[in-house]
2 protein chains.
Amino acid sequence: MKLEYTLKQKSNKNNARLGEFTYNGKTYETPMFMPVGTNATVKTLAPEELKEIGAGIILSNTYHLWLRPGEDIVKKAGGLHKFMNYDGPILTDSGGFQVFSLARPKDITEDGVHFKNHLNGDSLFLTPEKSIDIQMKLGSDIVMSFDECIKWPSSYDYVKQSVERTLRWAKRGKDIFTSTDQMLFGIVQGGEYEDLRRRCAEKLVEMNFDGYSVGGTSVGEDKKTMYKMVEYSTKHLPENKLRYLMGVGDPIDLIENVMRGIDLFDCVSPTRLARHGHAYTKYGKINIKNNKYKEDFTPVEDKCNCYACRNYTKAYIRHLITANETFGARLLSIHNISFLINLMKEIRENIKTDTLEEFRDEFILNYYGEGYEYK
Amino acid sequence: MKLEYTLKQKSNKNNARLGEFTYNGKTYETPMFMPVGTNATVKTLAPEELKEIGAGIILSNTYHLWLRPGEDIVKKAGGLHKFMNYDGPILTDSGGFQVFSLARPKDITEDGVHFKNHLNGDSLFLTPEKSIDIQMKLGSDIVMSFDECIKWPSSYDYVKQSVERTLRWAKRGKDIFTSTDQMLFGIVQGGEYEDLRRRCAEKLVEMNFDGYSVGGTSVGEDKKTMYKMVEYSTKHLPENKLRYLMGVGDPIDLIENVMRGIDLFDCVSPTRLARHGHAYTKYGKINIKNNKYKEDFTPVEDKCNCYACRNYTKAYIRHLITANETFGARLLSIHNISFLINLMKEIRENIKTDTLEEFRDEFILNYYGEGYEYK
């Protein structure tokens with residue numbers, strides 16, 4: 001079944017939007033944070049745990065699944081949902097980001113990208129058509145176009161010609177996309193250049209995608225620049241389609257970018273931070289390995305209702321992380337994903353009452369303390 | 001509450017016994033396999049998963065918890081059950097095995113063992129009194145005496161003097177054991193020497209422990225020797241007390257040693273094998289990383305009803321293990337522990353009908369094929 005988005009409410013004060021979509025008989029609300037399951041598993045967690053946390057869409061990585069186990073095996077297994085036992089919605093990225101970051105590209109041509117497999121050094125070639133083909137075989141619900149993920153900063157001239165290629169790649173992918181039960185998203189690039197973001201967005205909208213992503217963020221740029229990139233992109237996107245900001249998960253960025261019109265976010269941070277012993281709390285991130293938690297028999301966060309906080313203390317989780325026990329990473333992953341999913345819930349409630357700006361100011365005061373400045 | 005054992009039934013054909021004990025309002029049957037949670041966590045698993053598998057007693061390691069997080073922290077947390085959120089029975093070993101294997105002893109004296117902390121090289125000293133004191137603070141339900149774990153093979157003369165010291169250590173530990181809600185077990189040593197096993201067992205029985213362990217096995221000896229060590233020990237132990245064979249978990253060894261009068265087993269194998277991609281099945285151990293499972297969309301074991309087998313295929317678990325995803329180790333840990341716990345259930349049923357020998361022969365035929373010989 002193809003997922004269908006409905007816009008429900010817009011803020012009068014900023015560009016925040018409430019929306020919903022139905023999938024497998026269940027209705028999900030946006031804005032939403034999507035946990036990342038790179039290798040067809042959200043690291044350390046079972047699907048049942050993700051559901052208990054309240055996760056909706058989860059993300060999986062085309063590049064990783066292409067290399068291992070291979071899209072044909074996933075297809076033979078009955079698709080990604082059946083393979084990994086997740087009956088909620090799944091989004092796959094295009095592999096573009098990994099090809100440009102992880103695999104060190106050899107050569108970008110008009111046709112596609114030649115690069116080396118980061119696992120074994122084999123020469124590989126990924127094209128827009130191949131990326132879409134893999135994603136159709138994986139059977140995710142939301143498919144991403146293959147784009148060039150440029151470095152930041154990049155010169156105006158470089159970004160300009162890259163945007164044109166990304167547009168040609170988007171068209172090529174769309175042309176071979178024959179699936180009727182998947183959505184296909186176009187990706188807005190254009191760096192920090194307002195006219196290039198506009199050009200890219202408008203041309204993609206002409207091609208009429210099922211939804212739109214904002215790409216080229218979370219690549220080292222400062223927050224002000226990221227927010228501008230988002231503003232320059234979303235204002236040219238249609239209101240009745242989903243908008244997805246790729247790779248962004250810092251709590252304040254979720255709030256700020258919802259105010260700039262974003263509906264979907266993903267980020268590896270909650271699980272990666274968990275593995276290193278870090279936990280989100282209302283009063284900022286804490287490092288559970290800190291000595292002061294050795295005899296702290298309170299939960300990671302006092303009013304948190306997640307499985308980890310209901311049943312375990314900081315002292316126990318600290319012990320697990322210190323002893324390299326994966327149950328520690330699992331408990332903190334549950335907490336961190338819960339934190340972001342609960343934050344999104346609060347964000348949605350504050351869109352309903354149009355109090356998102358007040359909510360943001362209070363969030364900043366709690367999380368960063370007095371005198372926070374966007375860097 | 002102190003756990004109380006009741007002997008329910010004995011085989012007429014061998015020394016197998018059925019028994020039960022009640023703990024926290026729940027009745028558990030023996031013989032039983034106890035999963036190992038070295039660092040106050042059964043690796044990769046949550047307590048809820050252990051319960052779903054049907055686990056009863058779990059094991060935790062005095063040596064590891066002494067070093068990290070320290071027994072005083074566990075005590076302040078309210079004891080091991082509360083610390084790790086497990087309300088079933090917990091057994092702690094004495095630390096002896098780890099001191100002699102992991103920590104490389106510096107010097108064994110009459111008073112105790114001087115050795116180096118395997119984590120940071122610090123000089124440490126463990127005595128029978130200290131081990132009991134730590135275990136009282138941990139608050140486990142079954143406490144082990146501190147013994148000398150000798151190498152195999154060891155000369156008659158060495159084992160003889162070691163047994164005498166182990167007996168003196170058992171007495172010293174018992175003398176300072178003041179807990180009224182924990183059981184204290186004595187450990188029968190004596191290597192492969194019948195008269196030394198007898199001497200050790202009889203002297204321990206004179207001291208009247210709450211239960212008895214058979215130690216000095218799983219240290220490299222062949223199966224026939226192990227079975228002899230058990231026979232030489234159990235025949236001198238009282239029928240109305242629990243008997244625990246330490247560190248043994250190979251499926252055939254569970255069957256054979258139940259037939260020699262053992263009630264409790266523990267072993268790290270099911271979780272350690274899981275981390276390396278190995279799974280128990282009725283037809284022998286399999287290595288899930290094998291290429292032939294790449295497109296095998298059947299469960300690890302066809303008629304297994306564990307969470308892993310109900311929901312996931314060999315192909316998916318193979319993918320997880322290959323990609324170093326801990327959810328793979330978690331699924332195989334669930335399967336492997338389930339396998340041993342289900343095996344114990346079948347063993348108990350076959351004690352009821354006194355058909356354990358037939359059951360063993362059929363098990364061997366399935367697991368090893370024709371022509372199996374005990375090595």
# chains A, B, ... in the order shown; residues from 1 in each chain; ligands from 1
call {"tool": "closest_atom_pairs", "arguments": {"of": "chain A", "to": "chain B", "cutoff": "9 Å", "atoms": "only C-alpha atoms", "output": "CSV"}}
result
residue,atom,partner,partner_atom,distance
A:Asn39,CA,B:Ala323,CA,7.3
A:Ala40,CA,B:Leu320,CA,8.3
A:Thr41,CA,B:Phe327,CA,7.4
A:Val42,CA,B:Phe327,CA,8.6
A:Lys43,CA,B:Glu325,CA,6.6
A:Thr44,CA,B:Phe327,CA,5.1
A:Leu45,CA,B:Phe327,CA,6.5
A:Ala46,CA,B:Phe327,CA,7.3
A:Arg68,CA,B:His319,CA,7.2
A:Pro69,CA,B:His319,CA,5.9
A:Ile73,CA,B:Glu295,CA,6.3
A:Val74,CA,B:Tyr316,CA,8.8
A:Lys76,CA,B:Glu295,CA,7.8
A:Ala77,CA,B:Phe297,CA,6.4
A:Lys82,CA,B:Tyr312,CA,8.7
A:Phe83,CA,B:Tyr316,CA,6.2
A:Met84,CA,B:Tyr316,CA,7.0
A:Asn85,CA,B:Asn311,CA,6.6
A:Lys294,CA,B:Ile73,CA,7.7
A:Glu295,CA,B:Ile73,CA,6.3
A:Asp296,CA,B:Ala77,CA,8.7
A:Phe297,CA,B:Ala77,CA,6.4
A:Asn311,CA,B:Asn85,CA,6.6
A:Tyr312,CA,B:Asn85,CA,7.0
A:Thr313,CA,B:Phe83,CA,7.7
A:Ala315,CA,B:Ala77,CA,8.2
A:Tyr316,CA,B:Phe83,CA,6.3
A:Arg318,CA,B:Pro69,CA,8.9
A:His319,CA,B:Pro69,CA,5.9
A:Leu320,CA,B:Asn39,CA,7.6
A:Thr322,CA,B:Arg68,CA,8.5
A:Ala323,CA,B:Asn39,CA,7.3
A:Glu325,CA,B:Lys43,CA,6.6
A:Thr326,CA,B:Thr44,CA,5.5
A:Phe327,CA,B:Thr44,CA,5.1
A:Gly328,CA,B:Thr44,CA,8.8
A:Arg330,CA,B:Thr44,CA,8.2
call {"tool": "calpha_fit_and_write", "arguments": {"fixed": "chain B", "moving": "chain A", "output": "CSV table (one decimal) with C-alpha atoms, in the first residue's frame"}}
result
chain,number,residue,atom,x,y,z
A,1,MET,CA,13.6,-15.7,51.7
A,2,LYS,CA,15.8,-18.8,51.7
A,3,LEU,CA,15.2,-21.2,48.8
A,4,GLU,CA,14.2,-24.8,49.9
A,5,TYR,CA,14.8,-27.9,47.8
A,6,THR,CA,12.5,-30.9,47.8
A,7,LEU,CA,13.4,-34.1,46.2
A,8,LYS,CA,10.3,-35.4,44.3
A,9,GLN,CA,11.3,-38.5,42.3
A,10,LYS,CA,14.3,-40.8,41.6
A,11,SER,CA,15.0,-42.9,38.6
A,12,ASN,CA,15.2,-46.7,39.2
A,13,LYS,CA,17.7,-47.1,36.4
A,14,ASN,CA,20.3,-44.4,37.1
A,15,ASN,CA,20.9,-41.6,39.5
A,16,ALA,CA,18.7,-39.0,37.8
A,17,ARG,CA,16.5,-37.1,40.2
A,18,LEU,CA,13.5,-34.7,39.9
A,19,GLY,CA,13.1,-32.0,42.5
A,20,GLU,CA,11.7,-28.6,43.0
A,21,PHE,CA,12.1,-25.4,45.0
A,22,THR,CA,9.9,-22.4,45.5
A,23,TYR,CA,11.2,-18.9,45.2
A,24,ASN,CA,9.2,-15.6,45.4
A,25,GLY,CA,5.9,-17.6,45.1
A,26,LYS,CA,7.0,-19.4,42.0
A,27,THR,CA,7.9,-23.1,41.8
A,28,TYR,CA,10.9,-24.2,39.8
A,29,GLU,CA,11.8,-27.7,38.8
A,30,THR,CA,15.2,-29.4,38.7
A,31,PRO,CA,17.3,-30.5,36.9
A,32,MET,CA,17.8,-27.0,35.6
A,33,PHE,CA,20.2,-25.1,33.3
A,34,MET,CA,21.3,-21.7,34.7
A,35,PRO,CA,22.2,-18.9,32.2
A,36,VAL,CA,25.3,-17.0,33.1
A,37,GLY,CA,25.2,-13.2,33.7
A,38,THR,CA,28.9,-12.5,34.4
A,39,ASN,CA,28.6,-8.7,34.9
A,40,ALA,CA,25.0,-8.7,36.4
A,41,THR,CA,23.6,-9.1,32.9
A,42,VAL,CA,23.1,-12.2,30.7
A,43,LYS,CA,25.0,-10.9,27.7
A,44,THR,CA,22.7,-9.0,25.2
A,45,LEU,CA,19.5,-10.0,27.0
A,46,ALA,CA,16.9,-8.3,29.2
A,47,PRO,CA,15.4,-10.0,32.3
A,48,GLU,CA,12.0,-10.2,30.5
A,49,GLU,CA,13.6,-12.2,27.7
A,50,LEU,CA,15.1,-14.6,30.2
A,51,LYS,CA,11.7,-15.1,31.8
A,52,GLU,CA,10.0,-15.7,28.4
A,53,ILE,CA,12.6,-18.3,27.7
A,54,GLY,CA,11.7,-20.0,30.9
A,55,ALA,CA,14.9,-19.3,32.8
A,56,GLY,CA,14.9,-19.9,36.6
A,57,ILE,CA,18.2,-19.4,38.5
A,58,ILE,CA,20.7,-17.2,36.7
A,59,LEU,CA,24.4,-17.0,37.7
A,60,SER,CA,26.5,-14.0,38.3
A,61,ASN,CA,30.3,-13.7,39.0
A,62,THR,CA,31.6,-12.6,42.3
A,63,TYR,CA,35.1,-11.8,40.9
A,64,HIS,CA,33.8,-9.5,38.2
A,65,LEU,CA,31.3,-7.7,40.4
A,66,TRP,CA,33.9,-7.3,43.2
A,67,LEU,CA,36.2,-5.5,40.7
A,68,ARG,CA,33.4,-3.6,38.9
A,69,PRO,CA,31.1,-2.0,40.1
A,70,GLY,CA,32.1,-3.2,43.6
A,71,GLU,CA,30.0,-5.2,46.1
A,72,ASP,CA,29.3,-2.1,48.2
A,73,ILE,CA,27.6,-0.3,45.2
A,74,VAL,CA,25.5,-3.4,44.5
A,75,LYS,CA,24.5,-3.5,48.2
A,76,LYS,CA,23.6,0.2,48.2
A,77,ALA,CA,21.5,-0.5,45.1
A,78,GLY,CA,19.4,-2.9,47.2
A,79,GLY,CA,21.3,-6.1,46.2
A,80,LEU,CA,21.9,-7.8,42.9
A,81,HIS,CA,18.2,-8.5,42.2
A,82,LYS,CA,17.2,-4.9,42.4
A,83,PHE,CA,20.5,-3.7,40.7
A,84,MET,CA,19.9,-5.8,37.6
A,85,ASN,CA,16.1,-6.0,37.8
A,86,TYR,CA,15.8,-9.8,38.0
A,87,ASP,CA,13.3,-11.1,40.5
A,88,GLY,CA,14.1,-14.8,39.9
A,89,PRO,CA,16.7,-16.7,41.9
A,90,ILE,CA,20.4,-15.7,41.5
A,91,LEU,CA,23.5,-17.9,42.3
A,92,THR,CA,26.9,-16.3,42.7
A,93,ASP,CA,30.1,-18.2,42.2
A,94,SER,CA,32.9,-17.6,44.7
A,95,GLY,CA,35.4,-15.9,42.4
A,96,GLY,CA,37.7,-18.9,42.8
A,97,PHE,CA,37.5,-20.0,39.2
A,98,GLN,CA,38.2,-16.5,37.8
A,99,VAL,CA,41.1,-15.9,40.2
A,100,PHE,CA,42.7,-19.1,39.1
A,101,SER,CA,42.0,-18.8,35.4
A,102,LEU,CA,41.5,-15.2,34.3
A,103,ALA,CA,43.7,-13.3,36.9
A,104,ARG,CA,46.7,-15.6,36.8
A,105,PRO,CA,47.4,-16.2,40.5
A,106,LYS,CA,50.6,-14.9,42.0
A,107,ASP,CA,50.7,-16.9,45.1
A,108,ILE,CA,48.4,-19.3,46.9
A,109,THR,CA,48.9,-19.3,50.7
A,110,GLU,CA,46.9,-20.9,53.5
A,111,ASP,CA,45.3,-17.5,54.1
A,112,GLY,CA,44.1,-16.9,50.5
A,113,VAL,CA,45.2,-16.0,47.0
A,114,HIS,CA,47.4,-13.1,46.0
A,115,PHE,CA,46.9,-12.2,42.3
A,116,LYS,CA,46.6,-9.3,39.8
A,117,ASN,CA,43.4,-7.6,38.7
A,118,HIS,CA,43.0,-8.6,35.1
A,119,LEU,CA,41.6,-5.2,34.2
A,120,ASN,CA,44.4,-2.9,35.6
A,121,GLY,CA,47.1,-5.1,37.1
A,122,ASP,CA,46.5,-4.0,40.7
A,123,SER,CA,47.6,-6.5,43.4
A,124,LEU,CA,44.6,-8.1,45.0
A,125,PHE,CA,44.1,-10.7,47.8
A,126,LEU,CA,41.0,-12.9,48.0
A,127,THR,CA,40.3,-15.1,51.0
A,128,PRO,CA,37.4,-17.5,51.8
A,129,GLU,CA,36.1,-14.9,54.2
A,130,LYS,CA,36.3,-12.1,51.7
A,131,SER,CA,34.5,-14.1,49.0
A,132,ILE,CA,31.6,-15.0,51.4
A,133,ASP,CA,31.5,-11.4,52.6
A,134,ILE,CA,31.2,-10.1,49.0
A,135,GLN,CA,28.5,-12.6,48.2
A,136,MET,CA,26.5,-11.7,51.3
A,137,LYS,CA,26.7,-8.0,50.2
A,138,LEU,CA,25.6,-9.0,46.6
A,139,GLY,CA,22.6,-10.7,48.1
A,140,SER,CA,22.4,-13.6,45.8
A,141,ASP,CA,20.2,-16.6,46.8
A,142,ILE,CA,22.9,-19.3,46.5
A,143,VAL,CA,26.4,-18.6,47.7
A,144,MET,CA,29.5,-20.7,46.8
A,145,SER,CA,32.4,-21.5,49.1
A,146,PHE,CA,35.8,-20.3,48.0
A,147,ASP,CA,37.9,-23.2,46.7
A,148,GLU,CA,41.1,-23.9,44.9
A,149,CYS,CA,40.4,-24.7,41.2
A,150,ILE,CA,43.3,-27.0,40.3
A,151,LYS,CA,44.6,-27.6,36.8
A,152,TRP,CA,43.9,-30.8,35.0
A,153,PRO,CA,45.7,-33.1,35.1
A,154,SER,CA,47.3,-32.5,38.5
A,155,SER,CA,49.3,-35.1,40.5
A,156,TYR,CA,47.7,-37.1,43.3
A,157,ASP,CA,49.9,-35.5,45.9
A,158,TYR,CA,49.1,-32.0,44.8
A,159,VAL,CA,45.4,-32.7,44.6
A,160,LYS,CA,45.5,-34.4,48.0
A,161,GLN,CA,47.0,-31.4,49.8
A,162,SER,CA,44.7,-29.0,47.8
A,163,VAL,CA,41.6,-30.9,48.9
A,164,GLU,CA,42.6,-30.4,52.5
A,165,ARG,CA,43.1,-26.7,52.0
A,166,THR,CA,39.8,-26.4,50.1
A,167,LEU,CA,38.1,-28.1,53.1
A,168,ARG,CA,39.7,-25.7,55.6
A,169,TRP,CA,38.7,-22.8,53.3
A,170,ALA,CA,35.1,-24.2,53.2
A,171,LYS,CA,35.0,-24.3,57.0
A,172,ARG,CA,36.4,-20.7,57.3
A,173,GLY,CA,33.8,-19.4,54.9
A,174,LYS,CA,31.0,-21.2,56.6
A,175,ASP,CA,32.1,-19.9,60.0
A,176,ILE,CA,31.6,-16.3,58.9
A,177,PHE,CA,28.5,-16.9,56.8
A,178,THR,CA,25.7,-15.3,58.9
A,179,SER,CA,23.0,-14.8,56.3
A,180,THR,CA,19.7,-16.4,57.0
A,181,ASP,CA,18.1,-15.9,53.6
A,182,GLN,CA,20.9,-17.3,51.4
A,183,MET,CA,22.0,-20.9,50.8
A,184,LEU,CA,25.7,-21.7,51.1
A,185,PHE,CA,27.1,-24.5,49.0
A,186,GLY,CA,30.3,-26.5,49.6
A,187,ILE,CA,32.4,-27.5,46.6
A,188,VAL,CA,33.7,-31.0,46.0
A,189,GLN,CA,37.2,-31.1,44.6
A,190,GLY,CA,39.6,-34.0,44.3
A,191,GLY,CA,40.4,-34.2,40.6
A,192,GLU,CA,39.9,-37.6,39.0
A,193,TYR,CA,40.9,-39.4,42.2
A,194,GLU,CA,38.1,-41.4,43.6
A,195,ASP,CA,39.3,-41.5,47.2
A,196,LEU,CA,40.0,-37.7,47.2
A,197,ARG,CA,36.6,-36.9,45.8
A,198,ARG,CA,35.1,-39.1,48.5
A,199,ARG,CA,37.2,-37.5,51.3
A,200,CYS,CA,36.2,-34.0,50.1
A,201,ALA,CA,32.5,-34.9,49.8
A,202,GLU,CA,32.3,-36.6,53.1
A,203,LYS,CA,34.0,-33.9,55.0
A,204,LEU,CA,31.8,-31.2,53.4
A,205,VAL,CA,28.7,-33.2,54.3
A,206,GLU,CA,29.9,-33.3,57.9
A,207,MET,CA,30.0,-29.5,57.8
A,208,ASN,CA,26.3,-29.6,56.7
A,209,PHE,CA,26.1,-27.2,53.7
A,210,ASP,CA,22.8,-26.2,52.2
A,211,GLY,CA,23.9,-27.8,48.9
A,212,TYR,CA,26.9,-29.1,47.1
A,213,SER,CA,28.8,-28.3,43.9
A,214,VAL,CA,31.0,-30.5,41.9
A,215,GLY,CA,34.1,-28.5,40.9
A,216,GLY,CA,37.3,-29.0,39.0
A,217,THR,CA,35.4,-30.0,35.7
A,218,SER,CA,35.4,-28.2,32.4
A,219,VAL,CA,39.1,-27.6,32.7
A,220,GLY,CA,40.2,-29.5,29.7
A,221,GLU,CA,39.5,-33.1,30.8
A,222,ASP,CA,37.8,-35.6,28.4
A,223,LYS,CA,34.2,-36.4,28.8
A,224,LYS,CA,34.8,-39.9,30.4
A,225,THR,CA,37.0,-38.3,33.0
A,226,MET,CA,34.4,-35.6,33.7
A,227,TYR,CA,31.7,-38.2,34.2
A,228,LYS,CA,33.9,-40.2,36.6
A,229,MET,CA,34.6,-37.0,38.6
A,230,VAL,CA,30.9,-36.5,38.9
A,231,GLU,CA,30.1,-40.1,39.9
A,232,TYR,CA,32.9,-40.1,42.5
A,233,SER,CA,31.4,-37.0,44.0
A,234,THR,CA,27.6,-37.3,43.9
A,235,LYS,CA,27.5,-40.8,45.4
A,236,HIS,CA,28.7,-39.4,48.7
A,237,LEU,CA,26.2,-36.4,48.8
A,238,PRO,CA,22.9,-36.4,50.6
A,239,GLU,CA,19.8,-36.9,48.5
A,240,ASN,CA,17.8,-34.1,50.0
A,241,LYS,CA,20.2,-31.3,49.0
A,242,LEU,CA,20.8,-29.7,45.6
A,243,ARG,CA,23.9,-30.7,43.6
A,244,TYR,CA,25.4,-28.3,41.1
A,245,LEU,CA,27.9,-29.2,38.4
A,246,MET,CA,29.9,-26.0,37.7
A,247,GLY,CA,30.7,-24.7,34.2
A,248,VAL,CA,29.2,-27.6,32.2
A,249,GLY,CA,26.8,-26.9,29.4
A,250,ASP,CA,27.5,-29.2,26.4
A,251,PRO,CA,24.0,-30.7,25.7
A,252,ILE,CA,25.2,-34.3,26.0
A,253,ASP,CA,26.9,-33.5,29.2
A,254,LEU,CA,23.7,-32.2,30.7
A,255,ILE,CA,22.0,-35.5,29.9
A,256,GLU,CA,24.9,-37.7,31.1
A,257,ASN,CA,25.4,-35.8,34.3
A,258,VAL,CA,21.7,-35.7,35.2
A,259,MET,CA,22.0,-39.5,35.0
A,260,ARG,CA,24.8,-39.2,37.6
A,261,GLY,CA,22.7,-37.2,40.0
A,262,ILE,CA,23.2,-33.5,39.1
A,263,ASP,CA,20.4,-30.9,39.6
A,264,LEU,CA,22.0,-27.7,38.4
A,265,PHE,CA,24.2,-26.7,35.6
A,266,ASP,CA,25.7,-23.4,34.3
A,267,CYS,CA,27.8,-22.5,31.3
A,268,VAL,CA,28.7,-19.4,29.2
A,269,SER,CA,28.5,-21.5,26.0
A,270,PRO,CA,25.0,-20.6,24.8
A,271,THR,CA,25.8,-16.8,24.8
A,272,ARG,CA,29.4,-17.1,23.8
A,273,LEU,CA,28.5,-19.4,20.9
A,274,ALA,CA,25.8,-17.0,19.9
A,275,ARG,CA,28.3,-14.1,19.6
A,276,HIS,CA,30.3,-16.2,17.3
A,277,GLY,CA,27.3,-17.1,15.1
A,278,HIS,CA,26.8,-20.7,16.4
A,279,ALA,CA,23.5,-22.2,17.2
A,280,TYR,CA,22.4,-25.4,18.8
A,281,THR,CA,19.9,-27.6,17.0
A,282,LYS,CA,18.6,-31.1,17.5
A,283,TYR,CA,20.8,-32.1,14.6
A,284,GLY,CA,24.0,-30.6,16.0
A,285,LYS,CA,25.5,-27.2,16.2
A,286,ILE,CA,25.4,-25.0,13.1
A,287,ASN,CA,27.5,-22.0,12.1
A,288,ILE,CA,25.1,-19.4,10.8
A,289,LYS,CA,27.9,-17.6,8.9
A,290,ASN,CA,28.1,-20.6,6.6
A,291,ASN,CA,27.4,-19.6,3.0
A,292,LYS,CA,24.6,-22.1,2.7
A,293,TYR,CA,22.4,-20.1,5.0
A,294,LYS,CA,22.6,-16.9,2.8
A,295,GLU,CA,19.2,-17.6,1.2
A,296,ASP,CA,17.8,-19.9,3.9
A,297,PHE,CA,14.5,-18.3,4.9
A,298,THR,CA,13.6,-20.9,7.5
A,299,PRO,CA,14.2,-20.4,11.2
A,300,VAL,CA,17.3,-21.6,13.0
A,301,GLU,CA,15.4,-24.7,14.1
A,302,ASP,CA,12.1,-25.8,12.6
A,303,LYS,CA,10.0,-26.7,15.6
A,304,CYS,CA,11.6,-24.3,18.0
A,305,ASN,CA,9.1,-21.8,19.6
A,306,CYS,CA,11.6,-19.3,20.8
A,307,TYR,CA,11.3,-15.6,19.9
A,308,ALA,CA,14.2,-15.8,17.4
A,309,CYS,CA,12.7,-18.9,15.6
A,310,ARG,CA,9.2,-17.5,15.6
A,311,ASN,CA,10.1,-14.2,13.9
A,312,TYR,CA,13.5,-14.5,12.0
A,313,THR,CA,15.2,-16.5,9.4
A,314,LYS,CA,18.7,-18.0,9.2
A,315,ALA,CA,19.3,-15.6,6.3
A,316,TYR,CA,18.5,-12.5,8.5
A,317,ILE,CA,20.5,-13.7,11.5
A,318,ARG,CA,23.4,-14.6,9.3
A,319,HIS,CA,23.3,-11.1,7.9
A,320,LEU,CA,23.2,-9.5,11.4
A,321,ILE,CA,26.1,-11.7,12.6
A,322,THR,CA,28.1,-10.9,9.4
A,323,ALA,CA,27.5,-7.2,9.8
A,324,ASN,CA,28.5,-7.3,13.5
A,325,GLU,CA,25.0,-6.2,14.6
A,326,THR,CA,24.5,-7.2,18.2
A,327,PHE,CA,20.8,-8.0,17.5
A,328,GLY,CA,22.2,-11.1,15.8
A,329,ALA,CA,24.0,-12.2,19.0
A,330,ARG,CA,20.8,-11.4,20.9
A,331,LEU,CA,18.6,-13.6,18.7
A,332,LEU,CA,21.1,-16.5,18.8
A,333,SER,CA,21.5,-16.1,22.6
A,334,ILE,CA,17.7,-16.4,23.0
A,335,HIS,CA,17.7,-19.5,20.8
A,336,ASN,CA,20.7,-21.2,22.4
A,337,ILE,CA,19.5,-20.6,26.0
A,338,SER,CA,16.0,-21.8,25.0
A,339,PHE,CA,17.6,-24.9,23.5
A,340,LEU,CA,19.3,-25.8,26.7
A,341,ILE,CA,16.3,-24.9,28.9
A,342,ASN,CA,14.0,-27.0,26.6
A,343,LEU,CA,16.5,-29.8,26.7
A,344,MET,CA,16.3,-29.8,30.5
A,345,LYS,CA,12.5,-29.9,30.3
A,346,GLU,CA,12.7,-32.9,28.1
A,347,ILE,CA,15.2,-34.5,30.5
A,348,ARG,CA,12.7,-33.9,33.4
A,349,GLU,CA,9.9,-35.5,31.4
A,350,ASN,CA,12.1,-38.5,30.7
A,351,ILE,CA,13.0,-38.8,34.4
A,352,LYS,CA,9.2,-39.0,35.1
A,353,THR,CA,8.8,-41.9,32.7
A,354,ASP,CA,12.2,-43.3,33.6
A,355,THR,CA,13.2,-43.3,29.9
A,356,LEU,CA,16.3,-41.1,30.1
A,357,GLU,CA,18.6,-43.7,28.7
A,358,GLU,CA,16.5,-44.1,25.6
A,359,PHE,CA,16.2,-40.3,25.3
A,360,ARG,CA,20.0,-40.0,25.5
A,361,ASP,CA,20.6,-42.6,22.8
A,362,GLU,CA,18.1,-40.9,20.5
A,363,PHE,CA,19.6,-37.5,21.3
A,364,ILE,CA,23.1,-38.7,20.4
A,365,LEU,CA,21.9,-40.2,17.1
A,366,ASN,CA,20.3,-36.9,16.1
A,367,TYR,CA,23.0,-34.6,17.4
A,368,TYR,CA,26.1,-36.5,16.4
A,369,GLY,CA,24.9,-39.1,13.9
A,370,GLU,CA,25.9,-42.8,13.9
A,371,GLY,CA,29.0,-44.0,15.7
A,372,TYR,CA,29.4,-41.3,18.4
A,373,GLU,CA,32.0,-42.2,20.9
A,374,TYR,CA,32.7,-40.3,24.2
A,375,LYS,CA,36.1,-38.9,24.0
call {"tool": "select_by_dssp", "arguments": {"residues": "region 136-349 of chain A", "states": "helix (DSSP H, G or I)", "output": "PyMOL selection string"}}
result
chain A and resi 136-138+156-176+194-207+223-234+251-258+269-275+291-293+307-311+314-322+326-349
call {"tool": "select_by_dssp", "arguments": {"residues": "region 90-171 of chain B", "states": "strand (DSSP E)", "output": "PyMOL selection string"}}
result
chain B and resi 90-92+105-108+113-116+123-126+142-144
